[in-house]
>>> print(open('my_file_5.txt').read())   # compact mmCIF, C-alpha atoms
# COMPACT_ATOMS: atom_id res chain seq x y z
CA MET A 1 52.24 91.62 160.16
CA ALA A 2 48.80 92.81 159.09
CA TYR A 3 50.34 95.64 157.15
CA SER A 4 52.71 93.43 155.17
CA GLN A 5 49.89 90.96 154.45
CA ARG A 6 47.74 93.74 153.10
CA LEU A 7 50.64 94.96 150.99
CA SER A 8 51.34 91.57 149.43
CA ARG A 9 47.62 91.09 148.68
CA LYS A 10 47.56 94.48 147.01
CA ALA A 11 50.67 93.61 145.00
CA ILE A 12 49.19 90.31 143.82
CA ALA A 13 45.96 92.03 142.76
CA TRP A 14 47.99 94.59 140.82
CA LEU A 15 50.06 91.91 139.12
CA ILE A 16 46.97 89.97 138.01
CA GLY A 17 45.51 93.18 136.64
CA ALA A 18 48.71 93.91 134.75
CA VAL A 19 48.79 90.43 133.22
CA LEU A 20 45.21 90.81 132.03
CA VAL A 21 45.85 94.21 130.45
CA LEU A 22 49.23 93.27 128.91
CA PRO A 23 47.96 91.51 125.76
CA LEU A 24 45.78 94.46 124.89
CA THR A 25 48.71 96.88 124.81
CA THR A 26 51.91 95.03 123.85
CA PHE A 27 50.54 92.66 121.23
CA ALA A 28 48.62 95.24 119.22
CA GLU A 29 48.99 94.51 115.50
CA VAL A 30 52.05 95.94 113.72
CA PRO A 31 50.91 97.82 110.62
CA SER A 32 51.54 95.95 107.36
CA PRO A 33 54.09 97.49 105.00
CA VAL A 34 52.76 99.91 102.43
CA ILE A 35 54.05 98.78 99.05
CA PRO A 36 54.72 101.61 96.60
CA LYS A 37 53.15 101.33 93.18
CA ALA A 38 55.44 100.32 90.34
CA LYS A 39 55.87 102.34 87.18
CA GLY A 40 55.01 99.47 84.83
CA ASP A 41 51.68 97.65 84.44
CA LYS A 42 52.83 94.13 85.20
CA CYS A 43 55.76 92.44 86.93
CA VAL A 44 57.95 89.88 85.14
CA ARG A 45 56.33 87.12 87.22
CA PRO A 46 53.19 86.78 89.38
CA THR A 47 53.40 88.69 92.66
CA GLU A 48 53.10 85.54 94.83
CA ILE A 49 56.17 84.02 93.16
CA MET A 50 58.17 87.23 93.28
CA ARG A 51 57.42 87.78 96.98
CA LYS A 52 58.68 84.33 97.87
CA ASP A 53 61.51 83.79 95.41
CA HIS A 54 62.82 87.17 94.17
CA MET A 55 66.17 86.58 95.85
CA LYS A 56 66.67 83.31 93.95
CA PHE A 57 66.08 84.98 90.59
CA LEU A 58 68.41 87.86 91.49
CA LEU A 59 71.14 85.47 92.63
CA HIS A 60 70.91 83.41 89.46
CA HIS A 61 70.94 86.48 87.24
CA ARG A 62 73.92 88.08 89.00
CA GLU A 63 76.05 85.01 88.30
CA GLU A 64 75.09 85.07 84.65
CA THR A 65 75.72 88.79 84.30
CA VAL A 66 79.03 89.14 86.16
CA ARG A 67 80.59 85.86 85.06
CA GLU A 68 79.18 85.37 81.58
CA GLY A 69 78.14 88.83 80.47
CA ILE A 70 74.48 87.93 79.93
CA ARG A 71 72.59 91.18 80.26
CA THR A 72 68.94 90.32 79.80
CA LYS A 73 66.49 92.66 81.48
CA LYS A 74 64.08 90.17 83.04
CA ASP A 75 65.78 89.48 86.38
CA SER A 76 68.09 92.46 86.44
CA LEU A 77 68.18 94.35 89.75
CA LYS A 78 68.68 97.56 87.80
CA GLU A 79 65.39 96.97 85.99
CA CYS A 80 63.57 96.13 89.26
CA ILE A 81 64.71 99.44 90.71
CA ALA A 82 63.92 101.38 87.54
CA CYS A 83 60.31 100.17 87.69
CA HIS A 84 59.62 99.83 91.41
CA ASN A 85 61.49 102.88 92.69
CA ALA A 86 60.94 105.39 89.91
CA PRO A 87 60.95 109.06 90.90
CA ASP A 88 57.55 110.68 91.48
CA LYS A 89 56.18 113.58 89.45
CA ASN A 90 58.24 116.08 91.44
CA GLY A 91 61.42 114.12 90.73
CA LYS A 92 61.62 112.90 94.34
CA VAL A 93 62.92 109.38 94.74
CA ALA A 94 62.89 107.17 97.85
CA ARG A 95 66.21 106.02 99.25
CA ILE A 96 67.04 102.63 100.74
CA GLY A 97 66.16 102.40 104.43
CA SER A 98 63.14 104.66 104.17
CA PRO A 99 59.67 103.06 104.40
CA GLU A 100 58.83 104.56 101.02
CA HIS A 101 61.51 102.51 99.24
CA PHE A 102 60.07 99.41 97.56
CA CYS A 103 62.70 97.08 99.05
CA SER A 104 62.93 98.66 102.50
CA THR A 105 59.23 98.70 103.18
CA CYS A 106 59.03 94.88 103.44
CA HIS A 107 62.57 94.28 104.59
CA ASN A 108 62.12 96.69 107.50
CA TYR A 109 58.85 94.96 108.41
CA ALA A 110 60.34 91.47 108.24
CA ALA A 111 63.63 92.61 109.86
CA VAL A 112 65.66 91.01 107.07
CA LYS A 113 68.84 92.96 106.43
CA ILE A 114 70.02 93.19 102.83
CA ASP A 115 73.38 94.49 101.64
CA CYS A 116 72.58 94.79 97.92
CA PHE A 117 72.54 98.57 98.08
CA GLU A 118 75.92 98.97 99.71
CA CYS A 119 77.21 98.62 96.14
CA HIS A 120 74.15 98.82 93.87
CA ALA A 121 72.26 102.02 93.18
CA ASP A 122 69.00 102.25 95.13
CA LYS A 123 67.44 104.60 92.58
CA PRO A 124 67.23 104.53 88.79
CA ALA A 125 69.57 107.22 87.50
CA ASN A 126 72.23 108.98 89.47
CA THR A 127 71.11 112.58 89.21
CA GLN A 128 74.46 113.75 90.60
CA TYR A 129 76.22 111.99 87.77
CA ARG A 130 74.04 113.71 85.22
CA HIS A 131 74.66 117.14 86.69
CA SER A 132 75.42 118.61 83.28
CA LEU A 133 71.76 118.18 82.39
CA ALA A 134 70.73 120.15 85.43
CA GLU A 135 72.87 123.12 84.46
CA GLY A 136 70.59 125.17 82.25
CA ASP A 137 69.67 124.34 78.74
CA SER A 138 71.86 121.48 77.61
CA PRO A 139 72.58 121.45 73.86
CA HIS A 140 72.29 117.66 73.89
CA HIS A 141 68.92 117.67 75.62
CA PRO A 142 67.01 120.77 74.54
CA GLY A 143 64.01 121.70 76.59
CA MET A 144 65.29 120.02 79.74
CA LYS A 145 65.39 123.02 82.01
CA SER A 146 65.59 122.70 85.73
CA GLU A 147 65.42 124.75 88.90
CA ASP A 148 67.99 124.75 91.67
CA LYS A 149 70.14 122.07 90.04
CA VAL A 150 67.46 119.44 90.68
CA LEU A 151 66.29 117.54 87.62
CA SER A 152 62.70 118.20 86.71
CA GLY A 153 60.15 115.41 86.82
CA LYS A 154 59.94 115.39 83.05
CA THR A 155 63.72 115.08 82.67
CA LEU A 156 63.88 112.23 85.13
CA GLU A 157 60.98 110.53 83.43
CA ILE A 158 62.83 110.67 80.12
CA LEU A 159 66.05 109.45 81.74
CA THR A 160 64.45 106.56 83.55
CA ALA A 161 62.24 105.60 80.63
CA LYS A 162 65.27 105.35 78.40
CA GLY A 163 67.24 103.44 80.99
CA ASP A 164 70.81 104.22 81.90
CA LYS A 165 72.50 103.59 78.62
CA GLU A 166 75.29 105.98 77.98
CA MET X 167 95.27 52.34 49.12
CA SER X 168 96.45 55.13 46.94
CA HIS X 169 92.81 56.12 46.42
CA GLN X 170 92.41 56.57 50.20
CA GLU X 171 95.53 58.66 50.44
CA THR X 172 94.21 60.99 47.79
CA ASP X 173 90.97 61.25 49.75
CA ILE X 174 92.74 62.32 52.94
CA SER X 175 94.79 64.95 51.22
CA ARG X 176 91.67 66.20 49.48
CA ARG X 177 89.89 66.46 52.84
CA GLN X 178 92.82 68.34 54.34
CA PHE X 179 92.78 70.74 51.42
CA LEU X 180 89.07 71.37 51.89
CA GLY X 181 89.59 71.89 55.62
CA LYS X 182 92.20 74.55 54.94
CA ALA X 183 90.01 76.21 52.37
CA ALA X 184 87.09 76.29 54.83
CA ALA X 185 89.25 77.86 57.53
CA ALA X 186 90.21 80.69 55.23
CA GLY X 187 86.70 81.35 54.07
CA LEU X 188 84.05 79.76 51.93
CA MET X 189 84.43 80.20 48.20
CA ILE X 190 80.94 80.73 46.78
CA ALA X 191 82.11 81.66 43.27
CA PRO X 192 85.56 81.97 41.68
CA GLY X 193 87.17 84.97 43.31
CA VAL X 194 84.24 85.62 45.67
CA MET X 195 84.80 84.55 49.25
CA LEU X 196 82.22 84.58 52.01
CA TYR X 197 83.84 85.34 55.37
CA LYS X 198 82.09 85.01 58.70
CA VAL X 199 80.52 88.37 59.37
CA ALA X 200 81.34 89.75 62.82
CA GLN X 201 77.97 89.89 64.54
CA ALA X 202 76.87 91.88 67.55
CA ARG X 203 76.22 89.70 70.58
CA ALA X 204 72.62 89.47 71.75
CA PRO X 205 71.93 90.24 75.46
CA GLU X 206 71.05 86.59 76.20
CA MET X 207 74.27 85.28 74.64
CA PRO X 208 77.21 84.70 77.01
CA ALA X 209 80.61 86.23 76.34
CA SER X 210 82.52 83.90 74.05
CA SER X 211 86.16 82.85 73.84
CA SER X 212 85.99 83.49 70.11
CA ASN X 213 86.60 87.12 71.06
CA ARG X 214 89.51 88.50 72.97
CA TRP X 215 89.08 92.14 73.79
CA GLY X 216 92.20 94.23 73.87
CA MET X 217 93.56 97.72 73.67
CA LEU X 218 96.41 99.33 71.82
CA ILE X 219 98.00 102.53 73.05
CA ASP X 220 100.16 104.67 70.79
CA THR X 221 102.44 106.49 73.25
CA SER X 222 103.74 108.82 70.54
CA LYS X 223 100.26 110.36 70.37
CA CYS X 224 99.64 110.35 74.11
CA ALA X 225 100.32 113.88 75.34
CA THR X 226 102.02 114.58 78.67
CA GLY X 227 99.55 116.33 80.94
CA CYS X 228 96.47 115.12 79.08
CA SER X 229 94.14 113.08 81.28
CA ASP X 230 91.00 112.85 79.14
CA CYS X 231 90.97 109.04 79.43
CA VAL X 232 91.18 109.20 83.24
CA THR X 233 88.35 111.75 83.47
CA ALA X 234 86.17 109.72 81.09
CA CYS X 235 86.73 106.60 83.20
CA GLN X 236 85.83 108.47 86.38
CA THR X 237 82.63 109.81 84.85
CA GLU X 238 81.65 106.46 83.39
CA ASN X 239 82.35 104.33 86.45
CA GLY X 240 81.92 106.85 89.24
CA TRP X 241 85.27 106.70 91.04
CA GLY X 242 87.49 109.58 92.14
CA GLY X 243 86.91 113.11 91.01
CA GLU X 244 85.16 115.86 92.93
CA ASN X 245 82.17 113.74 93.91
CA SER X 246 84.27 110.93 95.41
CA ASN X 247 82.84 109.45 98.60
CA GLU X 248 86.30 108.38 99.74
CA VAL X 249 86.78 111.37 102.01
CA HIS X 250 88.63 109.58 104.80
CA SER X 251 91.08 107.69 102.58
CA ALA X 252 94.52 109.05 101.78
CA PRO X 253 95.10 109.81 98.08
CA THR X 254 97.28 106.69 97.79
CA GLN X 255 94.43 104.58 99.19
CA GLN X 256 91.67 105.95 96.98
CA ALA X 257 90.36 104.04 93.98
CA HIS X 258 92.42 104.40 90.84
CA TRP X 259 91.27 102.43 87.82
CA ILE X 260 93.46 104.18 85.26
CA ARG X 261 96.44 106.47 85.81
CA LYS X 262 98.75 108.50 83.62
CA VAL X 263 102.38 107.43 83.95
CA LYS X 264 105.35 109.57 82.87
CA LEU X 265 108.45 107.77 81.68
CA THR X 266 111.72 109.71 81.58
CA ASP X 267 114.84 108.36 79.93
CA LYS X 268 117.52 109.45 82.38
CA GLN X 269 120.23 109.45 79.78
CA THR X 270 118.53 111.43 77.01
CA GLY X 271 115.86 113.22 79.01
CA HIS X 272 113.20 111.95 76.59
CA VAL X 273 109.78 112.03 78.27
CA GLN X 274 106.89 109.74 77.38
CA SER X 275 103.41 109.56 78.78
CA LEU X 276 101.00 106.65 78.83
CA PRO X 277 97.80 105.48 80.52
CA LEU X 278 98.24 102.44 82.75
CA MET X 279 95.35 100.29 83.91
CA CYS X 280 94.47 96.61 84.28
CA GLN X 281 96.31 94.89 81.43
CA HIS X 282 93.68 92.12 81.13
CA CYS X 283 96.29 89.33 81.07
CA GLU X 284 95.64 85.97 79.50
CA ASN X 285 97.35 84.43 82.54
CA PRO X 286 96.35 86.85 85.28
CA PRO X 287 98.28 86.56 88.57
CA CYS X 288 95.32 88.16 90.41
CA VAL X 289 93.12 85.22 89.41
CA ASP X 290 95.79 82.70 90.47
CA VAL X 291 96.01 84.03 94.02
CA CYS X 292 92.33 84.74 94.74
CA PRO X 293 91.15 82.46 97.57
CA THR X 294 87.43 82.75 96.79
CA GLY X 295 87.27 82.83 92.99
CA ALA X 296 86.10 86.44 93.01
CA SER X 297 89.00 87.54 90.83
CA MET X 298 88.21 86.03 87.46
CA LYS X 299 88.70 86.17 83.73
CA ARG X 300 85.72 86.15 81.42
CA ALA X 301 85.64 83.96 78.34
CA ASP X 302 86.37 87.00 76.17
CA GLY X 303 89.53 87.85 78.15
CA ILE X 304 88.20 90.66 80.37
CA VAL X 305 89.57 90.34 83.91
CA LEU X 306 87.04 91.29 86.59
CA VAL X 307 86.32 91.14 90.31
CA ASP X 308 83.04 89.46 91.23
CA LYS X 309 82.37 91.78 94.16
CA HIS X 310 79.57 89.52 95.38
CA ILE X 311 82.13 87.00 96.58
CA CYS X 312 85.18 89.23 97.12
CA ILE X 313 86.18 89.12 100.81
CA GLY X 314 88.56 92.06 100.50
CA CYS X 315 91.76 90.16 101.34
CA ARG X 316 93.72 92.14 98.76
CA TYR X 317 95.97 89.24 97.67
CA CYS X 318 95.23 90.22 94.08
CA MET X 319 96.46 93.74 94.70
CA MET X 320 99.79 92.34 95.86
CA ALA X 321 100.00 89.89 92.96
CA CYS X 322 99.33 92.45 90.22
CA PRO X 323 102.59 93.69 88.69
CA TYR X 324 100.84 96.79 87.29
CA LYS X 325 99.40 98.15 90.56
CA ALA X 326 96.07 98.19 88.75
CA ARG X 327 93.71 97.33 91.60
CA SER X 328 92.26 99.39 94.43
CA PHE X 329 90.51 98.55 97.67
CA ILE X 330 87.51 100.52 98.90
CA HIS X 331 87.96 101.46 102.54
CA GLU X 332 84.74 103.32 103.24
CA GLU X 333 81.04 103.38 102.53
CA LEU X 334 80.08 104.70 99.13
CA HIS X 335 76.86 106.43 98.13
CA ASN X 336 75.12 107.38 94.91
CA GLN X 337 76.74 104.69 92.78
CA ILE X 338 75.93 104.57 89.09
CA PRO X 339 73.29 101.87 88.36
CA TYR X 340 75.47 99.98 85.86
CA ALA X 341 78.71 100.36 87.86
CA PRO X 342 78.17 98.93 91.36
CA ARG X 343 81.03 99.61 93.80
CA GLY X 344 81.26 99.29 97.54
CA LYS X 345 83.19 99.10 100.77
CA GLY X 346 85.34 96.07 101.48
CA THR X 347 85.87 94.95 97.90
CA VAL X 348 88.68 95.27 95.39
CA GLU X 349 88.06 96.89 92.02
CA SER X 350 89.91 97.77 88.84
CA CYS X 351 89.43 98.60 85.18
CA THR X 352 86.59 96.49 83.78
CA MET X 353 87.34 97.50 80.19
CA CYS X 354 83.88 99.12 80.54
CA VAL X 355 82.29 95.69 80.41
CA GLN X 356 78.80 97.27 80.50
CA ARG X 357 79.63 99.03 77.23
CA VAL X 358 81.42 96.08 75.63
CA ASP X 359 78.41 93.85 76.33
CA ASN X 360 76.28 96.38 74.46
CA ASN X 361 78.73 96.28 71.54
CA GLY X 362 80.28 99.56 72.65
CA THR X 363 83.77 100.93 73.22
CA PRO X 364 85.42 101.64 76.60
CA ALA X 365 84.94 105.21 77.84
CA CYS X 366 88.70 105.99 77.82
CA VAL X 367 89.12 104.98 74.18
CA GLU X 368 86.01 106.88 73.18
CA ALA X 369 87.19 110.03 74.97
CA CYS X 370 90.69 109.81 73.48
CA ASN X 371 89.27 109.53 69.99
CA SER X 372 86.51 112.12 70.37
CA GLU X 373 89.07 114.63 71.64
CA GLY X 374 91.05 113.94 68.49
CA HIS X 375 94.17 112.44 70.12
CA LYS X 376 93.63 108.99 68.61
CA ALA X 377 96.18 107.38 70.92
CA MET X 378 93.95 104.47 72.02
CA TYR X 379 92.37 101.65 70.05
CA PHE X 380 89.96 98.99 71.24
CA GLY X 381 88.99 95.80 69.48
CA ASP X 382 89.01 92.05 69.12
CA LEU X 383 92.51 90.60 69.09
CA ASN X 384 91.11 87.29 67.80
CA ASP X 385 89.61 88.92 64.71
CA PRO X 386 92.35 89.41 62.09
CA SER X 387 90.20 91.92 60.22
CA SER X 388 89.74 94.25 63.23
CA ASP X 389 91.47 97.61 63.21
CA ILE X 390 93.49 96.75 66.31
CA SER X 391 94.71 93.42 64.88
CA LYS X 392 95.75 95.05 61.62
CA ARG X 393 97.69 97.71 63.47
CA LEU X 394 99.36 95.15 65.71
CA LYS X 395 100.33 93.11 62.67
CA GLU X 396 101.71 96.07 60.79
CA TYR X 397 103.46 98.03 63.51
CA GLY X 398 103.91 95.55 66.36
CA ALA X 399 103.60 96.54 70.00
CA THR X 400 105.12 95.94 73.40
CA GLU X 401 103.75 94.32 76.51
CA ILE X 402 104.72 95.96 79.78
CA ARG X 403 106.71 93.40 81.78
CA ALA X 404 106.70 90.97 78.86
CA ASP X 405 109.23 88.91 80.85
CA LEU X 406 106.39 87.72 83.10
CA GLU X 407 104.73 86.04 80.10
CA LEU X 408 101.25 87.14 81.09
CA ASN X 409 100.18 87.83 77.50
CA THR X 410 98.50 91.13 78.25
CA GLY X 411 95.43 92.34 76.41
CA VAL X 412 96.69 95.93 76.54
CA ARG X 413 99.64 96.66 74.26
CA TYR X 414 101.80 99.76 73.86
CA GLN X 415 103.48 101.22 70.82
CA GLY X 416 106.57 103.42 71.06
CA ILE X 417 107.96 102.40 74.44
>>> encode(input="my_file_5.txt", output="structure tokens")
Amino acid sequence: MAYSQRLSRKAIAWLIGAVLVLPLTTFAEVPSPVIPKAKGDKCVRPTEIMRKDHMKFLLHHREETVREGIRTKKDSLKECIACHNAPDKNGKVARIGSPEHFCSTCHNYAAVKIDCFECHADKPANTQYRHSLAEGDSPHHPGMKSEDKVLSGKTLEILTAKGDKE
Amino acid sequence: MSHQETDISRRQFLGKAAAAGLMIAPGVMLYKVAQARAPEMPASSSNRWGMLIDTSKCATGCSDCVTACQTENGWGGENSNEVHSAPTQQAHWIRKVKLTDKQTGHVQSLPLMCQHCENPPCVDVCPTGASMKRADGIVLVDKHICIGCRYCMMACPYKARSFIHEELHNQIPYAPRGKGTVESCTMCVQRVDNNGTPACVEACNSEGHKAMYFGDLNDPSSDISKRLKEYGATEIRADLELNTGVRYQGI
């Protein structure tokens, strides 16, 4: 009897201790997303508006583009990606899902799943598609040499700066 | 009374004259100049984009148009992501078809793709409105609202559409494609909207075959309209009365 009483008292004391410590460990602050710097100087709209309503602008623009053939650059997803997920100086580009990708960094944090990039390109120019450029000195693009079939930073900069026009 | 009658006939005459072109001086007519569409302007029904294929110039075994389409739009080829799909399941926007006359043994070759019908059966059957025809006659799939039911594939008499069965990666920025949606020839809408020519036509001409023509069927002064007027052309399955935008010569 005495033993079991002692045990239950011990257990209660332990539980109270655990409850007191719990907030300190479990509810520690989740780090805020690190937002990669965009290539351009200024976004098409103020940041506060874009953070809240970017999906509305994209939805509106997609209807206009697919159904009516309006191809303005302002709310084009392709342009967002070209500016916000441009390759770095080494030609390295973040892919969707990684915390370095402009879209993923917030969407991972907020746990909001997006399916845009199941079809749309998550990076500006498809370097695989432009493999001919990576193969030595292309007659069409003189001076664009590369190592190990990976486009150089300069080449990618030229490609992304000019957009993806054929 | 008679004065009024004269007026009406005069008005009708002027109307006809205006339709043909504005006479600014005797013998000098000012026609509407075909202008390039600005990016903010929607596609207009004053255009109807079409293609003309001269089968007599289309060589058996040549697949330059197919390769150009693959490179432009990122389907098929060596870098295809569709590794688990059987060849008959994989995307096929444009294919070369060989026609053999059993009696004479005469062989013809032609590229077959979406015929961009004026009355497209794929649009009729689509339950969501994803399968659609643009104002300028280009038939497209709005993949945002395509549920992948594949009714349109069954309705198409030309077997022009494909369904994507597996996840795709490394899509081209201007040619989004993905799992669970139907796709087909877009007449290179991204090029047409920039006042360009479809990749297949460009490749056929740059290789010197000159078997494919692209242009505005509504514009009587366009190269394609002049050729159609002079030589005529055939619709494949004309009996279905779909009024296709792609026409063939020599079949």
>>> interface_residues(input="my_file_5.txt", of="chain A", to="chain X", cutoff="6 Å", atoms="all atoms listed in the file", output="ChimeraX atom specification")
/A:68-72,118-121,126
>>> residues_around(input="my_file_5.txt", residues="Leu77 in chain A", least_positions_apart="6", cutoff="12 Å", atoms="all atoms listed in the file", output="list in words")
His54, Met55, Lys56, Phe57, Leu58, Leu59, His60, His61, Arg62, Thr65, Arg71, Cys83, His84, Asn85, Cys103, Cys116, Phe117, Cys119, His120, Ala121, Asp122, Lys123 and Pro124 of chain A; Pro339, Tyr340 and Pro342 of chain X
>>> closest_residue(input="my_file_5.txt", among="A:Lys42, A:Arg51, A:Lys78, A:Ile12", to="His107 in chain A", atoms="only C-alpha atoms")
A:Arg51
>>> atom_distance(input="my_file_5.txt", atom1="CA of Ala321 in chain X", atom2="CA of Cys231 in chain X")
25.1 Å
>>> atom_distance(input="my_file_5.txt", atom1="CA of Pro293 in chain X", atom2="CA of Tyr317 in chain X")
8.3 Å
>>> build_atoms(input="my_file_5.txt", residues="range 379-400 of chain X", atoms="N, CA and C atoms", output="mmCIF file, in the coordinates of the input")
data_model
loop_
_atom_site.group_PDB
_atom_site.id
_atom_site.type_symbol
_atom_site.label_atom_id
_atom_site.label_comp_id
_atom_site.auth_asym_id
_atom_site.auth_seq_id
_atom_site.Cartn_x
_atom_site.Cartn_y
_atom_site.Cartn_z
ATOM 1 N N TYR X 379 93.214 102.471 70.932
ATOM 2 C CA TYR X 379 92.370 101.650 70.050
ATOM 3 C C TYR X 379 91.825 100.493 70.869
ATOM 4 N N PHE X 380 90.581 100.127 70.573
ATOM 5 C CA PHE X 380 89.960 98.990 71.240
ATOM 6 C C PHE X 380 89.431 98.033 70.191
ATOM 7 N N GLY X 381 89.540 96.746 70.441
ATOM 8 C CA GLY X 381 88.990 95.800 69.480
ATOM 9 C C GLY X 381 89.258 94.360 69.853
ATOM 10 N N ASP X 382 88.903 93.491 68.914
ATOM 11 C CA ASP X 382 89.010 92.050 69.120
ATOM 12 C C ASP X 382 90.352 91.560 68.587
ATOM 13 N N LEU X 383 91.187 91.068 69.491
ATOM 14 C CA LEU X 383 92.510 90.600 69.090
ATOM 15 C C LEU X 383 92.417 89.274 68.323
ATOM 16 N N ASN X 384 91.302 88.563 68.499
ATOM 17 C CA ASN X 384 91.110 87.290 67.800
ATOM 18 C C ASN X 384 90.625 87.471 66.358
ATOM 19 N N ASP X 385 90.151 88.670 66.046
ATOM 20 C CA ASP X 385 89.610 88.920 64.710
ATOM 21 C C ASP X 385 90.691 89.579 63.841
ATOM 22 N N PRO X 386 91.247 88.836 62.880
ATOM 23 C CA PRO X 386 92.350 89.410 62.090
ATOM 24 C C PRO X 386 91.942 90.617 61.251
ATOM 25 N N SER X 387 90.628 90.792 61.035
ATOM 26 C CA SER X 387 90.200 91.920 60.220
ATOM 27 C C SER X 387 89.884 93.163 61.054
ATOM 28 N N SER X 388 90.022 93.071 62.392
ATOM 29 C CA SER X 388 89.740 94.250 63.230
ATOM 30 C C SER X 388 90.866 95.261 63.100
ATOM 31 N N ASP X 389 90.514 96.507 63.323
ATOM 32 C CA ASP X 389 91.470 97.610 63.210
ATOM 33 C C ASP X 389 92.684 97.371 64.108
ATOM 34 N N ILE X 390 92.403 96.938 65.341
ATOM 35 C CA ILE X 390 93.490 96.750 66.310
ATOM 36 C C ILE X 390 94.429 95.623 65.851
ATOM 37 N N SER X 391 93.865 94.543 65.328
ATOM 38 C CA SER X 391 94.710 93.420 64.880
ATOM 39 C C SER X 391 95.571 93.822 63.694
ATOM 40 N N LYS X 392 94.987 94.593 62.789
ATOM 41 C CA LYS X 392 95.750 95.050 61.620
ATOM 42 C C LYS X 392 96.907 95.933 62.054
ATOM 43 N N ARG X 393 96.641 96.817 62.990
ATOM 44 C CA ARG X 393 97.690 97.710 63.470
ATOM 45 C C ARG X 393 98.787 96.935 64.176
ATOM 46 N N LEU X 394 98.371 95.962 64.989
ATOM 47 C CA LEU X 394 99.360 95.150 65.710
ATOM 48 C C LEU X 394 100.221 94.367 64.735
ATOM 49 N N LYS X 395 99.583 93.894 63.671
ATOM 50 C CA LYS X 395 100.330 93.110 62.670
ATOM 51 C C LYS X 395 101.313 94.003 61.928
ATOM 52 N N GLU X 396 100.870 95.192 61.588
ATOM 53 C CA GLU X 396 101.710 96.070 60.790
ATOM 54 C C GLU X 396 102.831 96.713 61.587
ATOM 55 N N TYR X 397 102.473 97.245 62.764
ATOM 56 C CA TYR X 397 103.460 98.030 63.510
ATOM 57 C C TYR X 397 104.061 97.304 64.705
ATOM 58 N N GLY X 398 103.417 96.237 65.171
ATOM 59 C CA GLY X 398 103.910 95.550 66.360
ATOM 60 C C GLY X 398 103.632 96.390 67.601
ATOM 61 N N ALA X 399 103.793 95.796 68.759
ATOM 62 C CA ALA X 399 103.600 96.540 70.000
ATOM 63 C C ALA X 399 104.267 95.797 71.136
ATOM 64 N N THR X 400 104.402 96.491 72.258
ATOM 65 C CA THR X 400 105.120 95.940 73.400
ATOM 66 C C THR X 400 104.155 95.643 74.539
#
